[in-house]
Structure formats: C-alpha cells, structure tokens
$ cat target.txt   # compact mmCIF, C-alpha atoms
# COMPACT_ATOMS: atom_id res chain seq x y z
CA MET A 1 109.69 157.27 -5.47
CA LYS A 2 109.73 160.25 -7.84
CA LYS A 3 109.53 163.60 -6.17
CA SER A 4 107.57 166.44 -7.68
CA LYS A 5 109.96 169.02 -9.08
CA LYS A 6 107.39 171.77 -8.59
CA PRO A 7 107.81 173.34 -5.17
CA PHE A 8 104.70 173.86 -3.07
CA ARG A 9 103.31 177.38 -3.36
CA ILE A 10 100.14 178.97 -2.07
CA LYS A 11 97.89 180.26 -4.85
CA THR A 12 98.38 183.88 -5.81
CA PRO A 13 95.34 186.15 -5.42
CA GLU A 14 94.89 186.04 -9.24
CA GLN A 15 94.98 182.23 -9.29
CA GLU A 16 92.52 182.07 -6.41
CA ALA A 17 90.14 184.55 -8.08
CA ARG A 18 90.30 182.50 -11.30
CA ALA A 19 89.54 179.27 -9.41
CA ILE A 20 86.59 180.86 -7.62
CA SER A 21 85.15 182.30 -10.84
CA GLN A 22 85.51 178.93 -12.61
CA ARG A 23 83.78 177.22 -9.71
CA GLU A 24 80.94 179.76 -9.81
CA GLU A 25 80.56 179.32 -13.56
CA ASN A 26 80.39 175.55 -13.04
CA GLU A 27 77.73 175.97 -10.35
CA ARG A 28 75.65 178.24 -12.61
CA ALA A 29 75.93 175.80 -15.51
CA LYS A 30 74.94 172.91 -13.25
CA ALA A 31 71.90 174.80 -11.93
CA GLU A 32 70.84 175.59 -15.50
CA GLY A 33 71.42 172.02 -16.66
CA ARG A 34 74.21 173.01 -19.09
CA PRO A 35 77.49 171.07 -19.48
CA LEU A 36 80.15 172.32 -17.07
CA PRO A 37 82.49 174.86 -18.70
CA TYR A 38 85.41 173.71 -16.50
CA PRO A 39 84.80 170.02 -15.88
CA ASN A 40 86.92 168.04 -13.48
CA PRO A 41 88.88 165.58 -15.65
CA TRP A 42 88.25 162.86 -13.07
CA ASP A 43 84.54 163.00 -13.91
CA VAL A 44 85.43 161.72 -17.38
CA TRP A 45 88.04 159.22 -16.27
CA ASP A 46 85.90 157.85 -13.44
CA PRO A 47 82.23 157.83 -14.42
CA THR A 48 81.29 156.16 -11.13
CA LYS A 49 81.92 159.33 -9.12
CA LEU A 50 79.15 160.45 -6.81
CA ASP A 51 77.94 163.88 -5.93
CA PRO A 52 78.72 164.22 -2.19
CA ALA A 53 75.29 165.78 -1.67
CA GLU A 54 73.63 162.59 -2.90
CA ALA A 55 76.09 160.06 -1.46
CA THR A 56 74.43 157.63 0.94
CA PRO A 57 76.37 154.69 2.45
CA GLU A 58 74.54 152.33 0.05
CA LYS A 59 75.41 154.50 -2.95
CA ILE A 60 79.05 154.70 -1.86
CA ALA A 61 79.17 150.90 -1.53
CA GLU A 62 77.51 150.47 -4.94
CA ARG A 63 79.86 153.04 -6.44
CA TYR A 64 82.85 151.12 -5.01
CA ARG A 65 81.61 147.91 -6.65
CA GLU A 66 81.28 149.73 -9.99
CA PHE A 67 84.72 151.28 -9.57
CA CYS A 68 86.19 147.83 -8.90
CA LYS A 69 84.86 146.68 -12.28
CA LEU A 70 86.70 149.55 -14.00
CA CYS A 71 89.82 149.27 -11.91
CA PRO A 72 89.88 145.86 -10.22
CA PRO A 73 91.83 145.63 -6.97
CA ARG A 74 95.01 143.61 -7.13
CA LYS A 75 94.36 139.89 -6.76
CA ARG A 76 95.24 138.62 -3.31
CA LYS A 77 98.06 136.13 -3.03
CA GLU A 78 96.79 132.78 -1.86
CA HIS A 79 98.54 130.03 0.04
CA PHE A 80 97.37 126.58 1.07
CA LEU A 81 98.24 125.09 4.44
CA MET B 82 101.50 137.66 32.47
CA PRO B 83 103.99 139.17 30.01
CA ALA B 84 103.63 137.60 26.55
CA GLU B 85 107.28 136.43 26.67
CA GLU B 86 106.56 134.18 29.65
CA LYS B 87 103.47 132.52 28.21
CA GLU B 88 103.78 129.07 26.78
CA ARG B 89 103.88 129.15 23.00
CA THR B 90 101.92 126.18 21.81
CA LEU B 91 99.35 127.53 19.36
CA SER B 92 99.07 127.87 15.60
CA VAL B 93 96.49 129.67 13.50
CA GLU B 94 94.53 126.41 13.11
CA ASP B 95 93.82 126.46 16.86
CA PHE B 96 91.77 129.61 16.29
CA ALA B 97 89.94 128.33 13.19
CA GLY B 98 86.60 128.30 15.03
CA PHE B 99 86.93 131.92 16.12
CA LEU B 100 88.23 133.14 12.75
CA GLY B 101 85.58 131.15 10.89
CA ALA B 102 82.82 132.65 13.04
CA LEU B 103 84.16 136.16 12.40
CA GLU B 104 84.32 135.50 8.67
CA GLY B 105 80.80 134.06 8.72
CA SER B 106 79.57 137.29 10.32
CA GLY B 107 81.30 139.45 7.69
CA LEU B 108 83.80 140.91 10.16
CA GLU B 109 87.08 141.45 8.33
CA VAL B 110 90.30 141.04 10.29
CA VAL B 111 93.89 140.14 9.43
CA VAL B 112 96.08 137.91 11.55
CA ILE B 113 99.27 139.62 12.69
CA GLY B 114 101.93 138.90 15.32
CA GLY B 115 103.57 135.58 16.09
CA LEU B 116 100.78 133.47 14.63
CA ALA B 117 101.04 135.32 11.32
CA VAL B 118 104.79 134.69 11.28
CA GLY B 119 104.10 131.03 12.11
CA THR B 120 101.67 130.78 9.20
CA TYR B 121 104.35 131.91 6.74
CA ALA B 122 106.95 129.71 8.46
CA SER B 123 104.75 126.65 8.06
CA LEU B 124 104.82 127.13 4.27
CA ARG B 125 108.53 126.35 4.51
CA GLY B 126 108.05 123.46 6.91
CA GLU B 127 109.17 125.50 9.93
CA ARG B 128 107.25 125.86 13.18
CA VAL B 129 106.76 129.14 14.96
CA LEU B 130 104.14 128.82 17.67
CA SER B 131 102.55 131.55 19.72
CA ALA B 132 100.68 131.94 22.98
CA ASP B 133 97.81 134.03 21.65
CA LEU B 134 96.13 135.38 18.55
CA HIS B 135 96.52 138.99 17.44
CA VAL B 136 94.11 140.28 14.83
CA TYR B 137 94.16 143.72 13.27
CA THR B 138 91.11 145.56 12.03
CA THR B 139 89.52 148.95 11.65
CA GLN B 140 88.20 150.74 14.71
CA GLU B 141 84.68 150.35 13.35
CA THR B 142 85.02 146.56 13.04
CA GLN B 143 86.66 146.39 16.45
CA VAL B 144 83.53 147.97 17.95
CA GLN B 145 81.35 145.52 16.00
CA ILE B 146 83.43 142.61 17.34
CA MET B 147 82.77 143.82 20.90
CA ASP B 148 79.03 143.58 20.22
CA TRP B 149 79.40 140.26 18.40
CA ALA B 150 81.70 138.48 20.87
CA PRO B 151 79.31 137.57 23.75
CA SER B 152 76.85 135.83 21.44
CA HIS B 153 79.63 133.85 19.74
CA GLY B 154 81.36 132.28 22.72
CA ALA B 155 84.02 134.95 23.25
CA ARG B 156 84.34 136.67 26.62
CA ILE B 157 85.38 140.30 26.67
CA VAL B 158 88.25 140.59 29.13
CA LYS B 159 89.03 144.23 28.46
CA ARG B 160 87.53 146.76 26.10
CA PRO B 161 89.57 149.28 24.07
CA GLN B 162 89.58 152.67 25.74
CA PRO B 163 88.67 155.85 23.90
CA ARG B 164 91.85 157.97 23.67
CA GLY B 165 93.65 155.09 25.41
CA ILE B 166 94.75 151.63 24.42
CA SER B 167 93.46 150.47 21.07
CA VAL B 168 93.41 146.76 21.94
CA ALA B 169 90.43 144.67 22.95
CA PHE B 170 91.26 141.54 24.95
CA LEU B 171 89.02 138.53 24.41
CA GLU B 172 89.02 135.00 25.70
CA TRP B 173 87.76 132.28 23.43
CA ASP B 174 87.84 128.56 24.24
CA GLY B 175 90.37 129.32 27.02
CA LYS B 176 92.68 131.11 24.60
CA GLU B 177 93.65 134.77 24.50
CA ILE B 178 92.77 136.93 21.53
CA ASN B 179 93.86 140.54 21.09
CA VAL B 180 91.90 142.67 18.65
CA LEU B 181 93.98 145.70 17.65
CA SER B 182 92.97 148.74 15.65
CA HIS B 183 96.39 150.39 15.84
CA THR B 184 99.88 148.99 16.15
CA VAL B 185 103.38 150.38 15.80
CA GLY B 186 104.99 149.70 12.43
CA LEU B 187 101.91 148.50 10.54
CA ARG B 188 100.04 150.55 7.99
CA PRO B 189 96.45 151.55 8.84
CA PRO B 190 94.09 148.56 9.13
CA ALA B 191 92.18 149.26 5.90
CA GLU B 192 95.44 149.14 3.92
CA SER B 193 96.63 146.02 5.73
CA ILE B 194 93.34 144.30 4.96
CA GLN B 195 93.62 145.33 1.31
CA ASP B 196 97.10 143.81 0.96
CA ALA B 197 96.60 140.77 3.20
CA ARG B 198 97.15 137.29 1.82
CA VAL B 199 94.61 134.50 1.99
CA PHE B 200 95.49 131.20 3.63
CA HIS B 201 93.27 128.21 2.94
CA LEU B 202 93.44 125.98 6.00
CA ARG B 203 92.98 122.38 4.86
CA LYS B 204 92.79 121.13 8.44
CA ALA B 205 89.91 123.54 9.07
CA GLU B 206 87.74 122.49 6.12
CA GLY B 207 89.36 124.97 3.76
CA LEU B 208 88.63 127.99 5.95
CA CYS B 209 90.07 131.17 4.38
CA VAL B 210 92.05 133.30 6.80
CA MET B 211 93.54 136.66 5.96
CA VAL B 212 97.10 137.08 7.16
CA ALA B 213 98.98 140.38 7.03
CA ASP B 214 101.33 140.82 4.09
CA PRO B 215 104.75 139.38 5.04
CA TYR B 216 106.59 142.52 3.88
CA ASP B 217 104.40 144.59 6.20
CA LEU B 218 104.96 142.11 9.02
CA LEU B 219 108.72 142.25 8.58
CA ALA B 220 108.66 146.06 8.49
CA CYS B 221 106.62 145.98 11.72
CA LYS B 222 108.91 143.47 13.42
CA LEU B 223 111.99 145.52 12.43
CA GLU B 224 110.45 148.68 13.78
CA VAL B 225 109.28 147.17 17.08
CA ASN B 226 112.47 145.08 17.40
CA ARG B 227 111.88 143.53 20.84
CA PRO B 228 114.07 140.53 21.68
CA LYS B 229 111.14 138.22 20.95
CA ASP B 230 110.72 139.79 17.51
CA ARG B 231 114.25 138.99 16.33
CA PRO B 232 113.69 135.28 15.57
CA HIS B 233 110.52 136.35 13.73
CA GLN B 234 112.53 138.83 11.66
CA GLU B 235 114.82 136.00 10.55
CA VAL B 236 111.90 133.71 9.67
CA LEU B 237 110.16 136.41 7.63
CA ARG B 238 113.35 137.50 5.93
CA SER B 239 114.13 133.91 4.84
CA PHE B 240 110.57 133.45 3.61
CA LEU B 241 110.69 136.67 1.63
CA GLU B 242 114.10 135.94 0.14
CA GLU B 243 112.71 132.66 -1.19
CA GLU B 244 109.74 134.52 -2.60
CA VAL B 245 112.01 137.11 -4.23
CA VAL B 246 114.08 134.39 -5.91
CA GLU B 247 110.96 132.50 -6.98
CA ALA B 248 109.44 135.64 -8.53
CA PHE B 249 112.69 136.40 -10.38
CA ARG B 250 112.76 132.82 -11.66
CA THR B 251 109.15 132.28 -12.67
CA GLU B 252 107.20 135.50 -13.21
CA PRO B 253 106.70 136.32 -16.89
CA GLY B 254 106.37 140.10 -16.51
CA ASN B 255 109.41 142.32 -15.88
CA ARG B 256 107.69 144.28 -13.16
CA ASP B 257 106.38 141.18 -11.39
CA ARG B 258 109.86 139.64 -11.43
CA ILE B 259 111.54 142.67 -9.92
CA ALA B 260 108.88 144.09 -7.59
CA PRO B 261 109.33 141.63 -4.69
CA ALA B 262 113.08 142.29 -4.58
CA GLY B 263 112.45 146.04 -4.66
CA ARG B 264 109.90 145.73 -1.87
CA LEU B 265 112.28 143.69 0.28
CA LEU B 266 115.02 146.30 -0.13
CA GLU B 267 112.54 148.98 0.83
CA VAL B 268 111.50 147.11 3.98
CA LEU B 269 115.12 146.41 4.93
CA LYS B 270 115.99 150.05 4.13
CA LEU B 271 118.82 148.94 1.88
CA GLU B 272 119.93 150.39 -1.42
CA ARG B 273 121.99 147.35 -2.41
CA LEU B 274 121.00 143.72 -2.46
CA PRO B 275 122.44 141.45 0.21
CA ALA B 276 125.32 139.60 -1.49
CA ASP B 277 123.86 136.11 -1.06
CA LEU B 278 120.51 137.12 -2.45
CA ALA B 279 122.06 138.97 -5.40
CA ARG B 280 124.05 135.87 -6.35
CA ARG B 281 120.92 133.73 -6.23
CA LEU B 282 119.05 136.15 -8.50
CA LEU B 283 121.68 136.55 -11.21
CA PRO B 284 121.28 133.09 -12.84
CA HIS B 285 117.56 133.84 -13.35
CA ALA B 286 118.01 137.28 -14.96
CA ARG B 287 116.85 137.26 -18.56
CA SER B 288 115.55 140.67 -19.60
CA ALA B 289 117.25 144.05 -19.88
CA SER B 290 115.30 145.33 -16.87
CA ASP B 291 116.47 142.34 -14.77
CA PHE B 292 120.11 143.14 -15.49
CA ARG B 293 119.61 146.87 -14.96
CA PHE B 294 117.91 146.16 -11.64
CA LEU B 295 120.75 143.89 -10.51
CA ILE B 296 123.54 146.22 -11.58
CA GLY B 297 121.80 149.17 -9.94
CA ARG B 298 121.71 147.29 -6.64
CA ALA B 299 124.94 145.31 -6.91
CA PRO B 300 126.41 144.61 -3.47
CA ASP B 301 130.07 144.67 -4.54
CA ARG B 302 132.56 144.91 -7.44
CA GLU B 303 132.72 141.17 -7.81
CA PHE B 304 128.98 141.06 -8.43
CA GLU B 305 129.20 143.93 -10.92
CA ASP B 306 131.76 141.91 -12.90
CA ALA B 307 129.52 138.84 -12.69
CA VAL B 308 126.57 140.82 -14.09
CA LEU B 309 128.73 142.17 -16.90
CA ALA B 310 129.84 138.66 -17.77
CA ALA B 311 126.27 137.30 -17.61
CA VAL B 312 124.54 139.87 -19.87
CA PRO B 313 123.69 138.10 -23.13
CA GLU B 314 125.16 139.83 -26.18
CA ALA B 315 121.74 139.64 -27.87
CA LEU B 316 120.28 142.15 -25.39
CA GLY B 317 122.70 144.83 -26.63
CA LEU B 318 123.07 146.01 -23.06
CA ARG B 319 126.70 145.43 -22.33
CA GLU B 320 127.85 148.98 -23.10
CA ASP B 321 125.02 150.43 -20.97
CA ILE B 322 125.89 148.16 -18.07
CA ARG B 323 129.60 149.02 -18.41
CA ARG B 324 128.80 152.73 -18.23
CA ILE B 325 126.61 152.16 -15.14
CA VAL B 326 129.44 150.20 -13.50
CA GLU B 327 131.98 152.93 -14.28
CA ARG B 328 129.67 155.59 -12.87
CA ARG B 329 128.99 153.54 -9.73
CA ARG B 330 132.68 153.00 -9.15
CA LYS B 331 133.28 156.75 -9.21
CA GLU B 332 130.55 157.33 -6.61
CA PRO B 333 131.28 156.94 -2.91
CA PRO B 334 129.85 153.66 -1.53
CA THR B 335 126.41 154.14 -0.04
CA GLY B 336 125.50 150.72 1.41
CA ALA B 337 122.44 150.78 3.62
CA SER B 338 120.61 154.03 3.91
CA ALA B 339 117.20 155.24 4.91
CA ARG B 340 114.69 155.58 2.11
CA PRO B 341 111.46 157.55 2.06
CA PRO B 342 108.34 155.43 2.67
CA ARG B 343 106.61 154.10 -0.42
CA ALA B 344 103.68 156.18 -1.59
CA ARG B 345 100.51 154.16 -1.84
CA PRO B 346 97.44 155.09 -3.80
CA ALA B 347 94.54 156.30 -1.72
CA PRO B 348 91.46 154.06 -1.82
CA PRO B 349 88.71 155.35 -4.06
CA SER B 350 86.05 157.36 -2.28
CA ALA B 351 83.23 159.68 -3.06
CA ARG B 352 84.24 163.13 -4.26
$ encode --input "target.txt" --output "structure tokens"
Amino acid sequence: MKKSKKPFRIKTPEQEARAISQREENERAKAEGRPLPYPNPWDVWDPTKLDPAEATPEKIAERYREFCKLCPPRKRKEHFL
Amino acid sequence: MPAEEKERTLSVEDFAGFLGALEGSGLEVVVIGGLAVGTYASLRGERVLSADLHVYTTQETQVQIMDWAPSHGARIVKRPQPRGISVAFLEWDGKEINVLSHTVGLRPPAESIQDARVFHLRKAEGLCVMVADPYDLLACKLEVNRPKDRPHQEVLRSFLEEEVVEAFRTEPGNRDRIAPAGRLLEVLKLERLPADLARRLLPHARSASDFRFLIGRAPDREFEDAVLAAVPEALGLREDIRRIVERRRKEPPTGASARPPRARPAPPSAR
C-alpha cells in the first residue's frame, strides 16, 4: 500500500479562511441559481451524487443503483456444489 | 455445551431450508465459521463438518432476523444484548444457528457481504448461498487461532494455494493472475512466497509482471536462480531481474514480517 508522502497538518488560519470564503461563495451562487465558482470535482465525476438535504432512503437506494451502472461492483465468484 | 464438544455432523446443505427462507425474505447474510470452511473444502472433495451454523450480517439485518424468525420456524434462544454480546442464538429444525453482527478477525459485515462468494447448492434445488471470502476466513481463523481453528487454517490455506496457482495458470490479465497470490501473502503476513508455492507458480509465469512478482517475493537464492533461468529472452527482462537479484542479495533477509492492513475503498454513499 502506498503511503501519502504529505504529512498530516491542520489548516493554517489563511487556508481555513480561504476554504470558508469559497464555501460561502458557493452557497451564494447556489441560492442565486448560478454555477458554483468552486465546484467539488466529485460532482462532475459522479453525477449520481445527492444533496444530503434531499436524500431520502429511497433516493439513496436509487442513487446506489445508478452509481452501480457507472461503476459496477466486482462480480462475485461463483462455485457449484 | 462448548462448541468443541458438540458432535460435528452438519454441512451447509443441512441448513438449506433456513438459508433459503432468509434469502426469500431479502435478508442478506454470509455463512462463516466451520460450515463456511467445509463448503470450500467440499470443492476439493474434502469433508469438514460442523455442529452449528454461523451467519454474519449487519446489526440492522440481525434485528430484522429476530422479528422474522418466529414466523419462519426458528426459535429465538437468546437475543443479542445492546452493548453486550453481538450474537443471536436461534434453533431451527433442532439445529443451532448463531447470527453474528461482529466477530474477531472479520471485516465489518457490509464489507464481508460485498466480497462473499456465491455457492449454488445442487442438492438444494440450486439455492444460492453466500459464503464469506476464503481469504477473509483464513485471516479470521489465523487471528482467532483456537485449537479447533488450526485444522481449518490448513484446509483454507490448501484451498487458496490451489486457487493462486490456478489464477496464475489461467487468468488472461496480469493483475488477475497475480492478485490472489498477493492477497494470500497479505493474509499470511509474509513478504516472500512459501517455497513450495513459488515453485508451482514459476512454470506458469509468462509476462514481465509475473516474473517481477516472483523475483520480488522469491523465497530463497535457489528460486532466484530458477527465475533468472526461466525468463524468456524475448521479454528483455533478464538484466532487470539480475539487478533486482543483486540488490536483494545485498539486503538483509526479511522473511515473514507484519504488513499494514490493505486499504479498501469506502462504499459509495450520499455526500
């Protein structure tokens, strides 16, 4: 297993302030219906993602089925007895 | 009665009715323990019988099984206790069934279910039963390591060694050929292949990655020389392999050593 060469560090106050301001800008853009200025790359790579605020158990199950089409789980090994 | 003293006469087919009823109700469990070992053993014509059935599932499904059991002919002998034991004891058709949601040495139930293998039981009208992955079972048996687990360790190890050789011999993809051997080493916490296994793999090596894998995990000098002699000239690998051998011979021998656990991808979930 490859280990990350980057040691763990807590965010500096500047990094934290930048993250908060980016998040606020994203929230403003979302409220105004504009594209997010700092989108999460996973939203592009995984279009099945759900907004936690809207996630019901049925939606999560449906989302899992859609995700499995994009990234199918490994086929199970089968044996016959 | 301690499990060791109980008469071991049962195979997974003896629980087909119970497992079929669970499957029919959409309750997902994997067979673990002695019966799981016996299921793999029977693929090699060996018999490992057990006195009871152990199934492994999520805590949520375990609770659902408690509700389901009385209406499906299973008597609840003992319920799992919150903050206590995580096993439910059932009796079905006079046989003991343990439903576990936690056990030493096995990965969490959701992961075990994801990696379980499917057995089609011909004697039970093709019923599909999920049995815990044999690598996981061996890791569990090695960690628990009670006297009664030791014969099971041997059975699983032999089964997996056959599977490792078969994968090396038949799988078309480099990764698929090597992965079972890598997984076995990980479970056994070894950095080098057992000598017998290494010698069985070498005749089936055909790609550069096969030879690199074998030389990187060579058990001894003799095997290193055998790999060097076996590398086809056409692969243009001989110089590489020679350099690896020279480097290895300068290093102190490592043999068996603890390795960090394998990282597994987290299941997808909502953001």
$ residues_around --input "target.txt" --residues "Asp174 in chain B" --least-positions-apart "6" --cutoff "9 Å" --atoms "all atoms listed in the file" --output "ChimeraX atom specification"
/B:96,99,154-155
$ closest_atom_pairs --input "target.txt" --of "chain A" --to "chain B" --cutoff "7 Å" --atoms "all atoms listed in the file" --output "CSV"
residue,atom,partner,partner_atom,distance
A:Met1,CA,B:Arg343,CA,6.7
A:Lys49,CA,B:Ala351,CA,6.2
A:Leu50,CA,B:Ala351,CA,5.6
A:Asp51,CA,B:Arg352,CA,6.6
A:Pro52,CA,B:Arg352,CA,6.0
A:Ile60,CA,B:Ala351,CA,6.6
A:Arg76,CA,B:Arg198,CA,5.6
A:Lys77,CA,B:Arg198,CA,5.1
A:Glu78,CA,B:Val199,CA,4.7
A:His79,CA,B:Phe200,CA,4.9
A:Phe80,CA,B:His201,CA,4.8
A:Leu81,CA,B:Leu202,CA,5.1
$ closest_residue --input "target.txt" --among "B:Ala248, B:Ala279, B:Val136, B:Val118" --to "Tyr216 in chain B" --atoms "only C-alpha atoms"
B:Val118
$ atom_distance --input "target.txt" --atom1 "CA of Arg160 in chain B" --atom2 "CA of Met147 in chain B"
7.6 Å
$ atom_distance --input "target.txt" --atom1 "CA of Val158 in chain B" --atom2 "CA of Asn179 in chain B"
9.8 Å
$ atom_distance --input "target.txt" --atom1 "CA of Val112 in chain B" --atom2 "CA of Thr184 in chain B"
12.6 Å
$ residues_around --input "target.txt" --residues "Ile178 in chain B" --least-positions-apart "4" --cutoff "6 Å" --atoms "only C-alpha atoms" --output "mmCIF file with C-alpha atoms, in the coordinates of the input"
data_model
loop_
_atom_site.group_PDB
_atom_site.id
_atom_site.type_symbol
_atom_site.label_atom_id
_atom_site.label_comp_id
_atom_site.auth_asym_id
_atom_site.auth_seq_id
_atom_site.Cartn_x
_atom_site.Cartn_y
_atom_site.Cartn_z
ATOM 1 C CA ASP B 133 97.810 134.030 21.650
ATOM 2 C CA LEU B 134 96.130 135.380 18.550
ATOM 3 C CA HIS B 135 96.520 138.990 17.440
ATOM 4 C CA PHE B 170 91.260 141.540 24.950
ATOM 5 C CA LEU B 171 89.020 138.530 24.410
ATOM 6 C CA GLU B 172 89.020 135.000 25.700
#
$ residues_around --input "target.txt" --residues "Tyr38 in chain A" --least-positions-apart "4" --cutoff "10 Å" --atoms "all atoms listed in the file" --output "list in words"
Ala19, Gln22, Arg23, Glu25, Asn26 and Ala29 of chain A
$ closest_residue --input "target.txt" --among "B:Ala276, B:Leu282, B:Val168, B:Ala150" --to "Leu103 in chain B" --atoms "all atoms listed in the file"
B:Ala150
$ closest_residue --input "target.txt" --among "B:Leu241, B:His183, B:Ser167, B:Val312" --to "Ala260 in chain B" --atoms "all atoms listed in the file"
B:Leu241
$ decode --input "target.txt" --residues "range 218-236 of chain B" --atoms "N, CA and C atoms" --output "mmCIF file, in the first residue's frame"
data_model
loop_
_atom_site.group_PDB
_atom_site.id
_atom_site.type_symbol
_atom_site.label_atom_id
_atom_site.label_comp_id
_atom_site.auth_asym_id
_atom_site.auth_seq_id
_atom_site.Cartn_x
_atom_site.Cartn_y
_atom_site.Cartn_z
ATOM 1 N N LEU B 218 -11.806 -15.500 5.632
ATOM 2 C CA LEU B 218 -11.987 -16.580 6.614
ATOM 3 C C LEU B 218 -10.648 -17.018 7.183
ATOM 4 N N LEU B 219 -9.649 -17.150 6.284
ATOM 5 C CA LEU B 219 -8.331 -17.576 6.759
ATOM 6 C C LEU B 219 -7.739 -16.515 7.687
ATOM 7 N N ALA B 220 -7.874 -15.244 7.301
ATOM 8 C CA ALA B 220 -7.361 -14.170 8.163
ATOM 9 C C ALA B 220 -8.011 -14.251 9.538
ATOM 10 N N CYS B 221 -9.319 -14.523 9.555
ATOM 11 C CA CYS B 221 -10.079 -14.624 10.807
ATOM 12 C C CYS B 221 -9.585 -15.813 11.629
ATOM 13 N N LYS B 222 -9.444 -16.958 10.953
ATOM 14 C CA LYS B 222 -9.022 -18.176 11.667
ATOM 15 C C LYS B 222 -7.605 -18.012 12.224
ATOM 16 N N LEU B 223 -6.740 -17.296 11.485
ATOM 17 C CA LEU B 223 -5.370 -17.083 11.969
ATOM 18 C C LEU B 223 -5.372 -16.141 13.172
ATOM 19 N N GLU B 224 -6.275 -15.181 13.138
ATOM 20 C CA GLU B 224 -6.303 -14.224 14.243
ATOM 21 C C GLU B 224 -6.890 -14.868 15.502
ATOM 22 N N VAL B 225 -7.956 -15.632 15.332
ATOM 23 C CA VAL B 225 -8.605 -16.257 16.497
ATOM 24 C C VAL B 225 -7.712 -17.395 17.020
ATOM 25 N N ASN B 226 -7.272 -18.268 16.101
ATOM 26 C CA ASN B 226 -6.265 -19.286 16.381
ATOM 27 C C ASN B 226 -6.535 -20.153 17.615
ATOM 28 N N ARG B 227 -7.785 -20.612 17.772
ATOM 29 C CA ARG B 227 -8.073 -21.591 18.832
ATOM 30 C C ARG B 227 -7.625 -22.958 18.320
ATOM 31 N N PRO B 228 -7.437 -23.924 19.189
ATOM 32 C CA PRO B 228 -7.020 -25.252 18.698
ATOM 33 C C PRO B 228 -7.951 -25.774 17.607
ATOM 34 N N LYS B 229 -9.258 -25.523 17.749
ATOM 35 C CA LYS B 229 -10.191 -26.058 16.746
ATOM 36 C C LYS B 229 -10.109 -25.300 15.415
ATOM 37 N N ASP B 230 -9.461 -24.141 15.429
ATOM 38 C CA ASP B 230 -9.318 -23.382 14.177
ATOM 39 C C ASP B 230 -8.140 -23.872 13.345
ATOM 40 N N ARG B 231 -7.197 -24.564 13.979
ATOM 41 C CA ARG B 231 -5.953 -24.893 13.246
ATOM 42 C C ARG B 231 -6.182 -25.834 12.068
ATOM 43 N N PRO B 232 -6.997 -26.900 12.228
ATOM 44 C CA PRO B 232 -7.266 -27.713 11.023
ATOM 45 C C PRO B 232 -7.953 -26.890 9.927
ATOM 46 N N HIS B 233 -8.803 -25.945 10.338
ATOM 47 C CA HIS B 233 -9.481 -25.094 9.352
ATOM 48 C C HIS B 233 -8.476 -24.206 8.615
ATOM 49 N N GLN B 234 -7.475 -23.730 9.355
ATOM 50 C CA GLN B 234 -6.443 -22.901 8.711
ATOM 51 C C GLN B 234 -5.774 -23.687 7.590
ATOM 52 N N GLU B 235 -5.462 -24.957 7.877
ATOM 53 C CA GLU B 235 -4.784 -25.790 6.876
ATOM 54 C C GLU B 235 -5.660 -26.005 5.644
ATOM 55 N N VAL B 236 -6.957 -26.288 5.911
ATOM 56 C CA VAL B 236 -7.891 -26.529 4.803
ATOM 57 C C VAL B 236 -7.980 -25.284 3.917
#
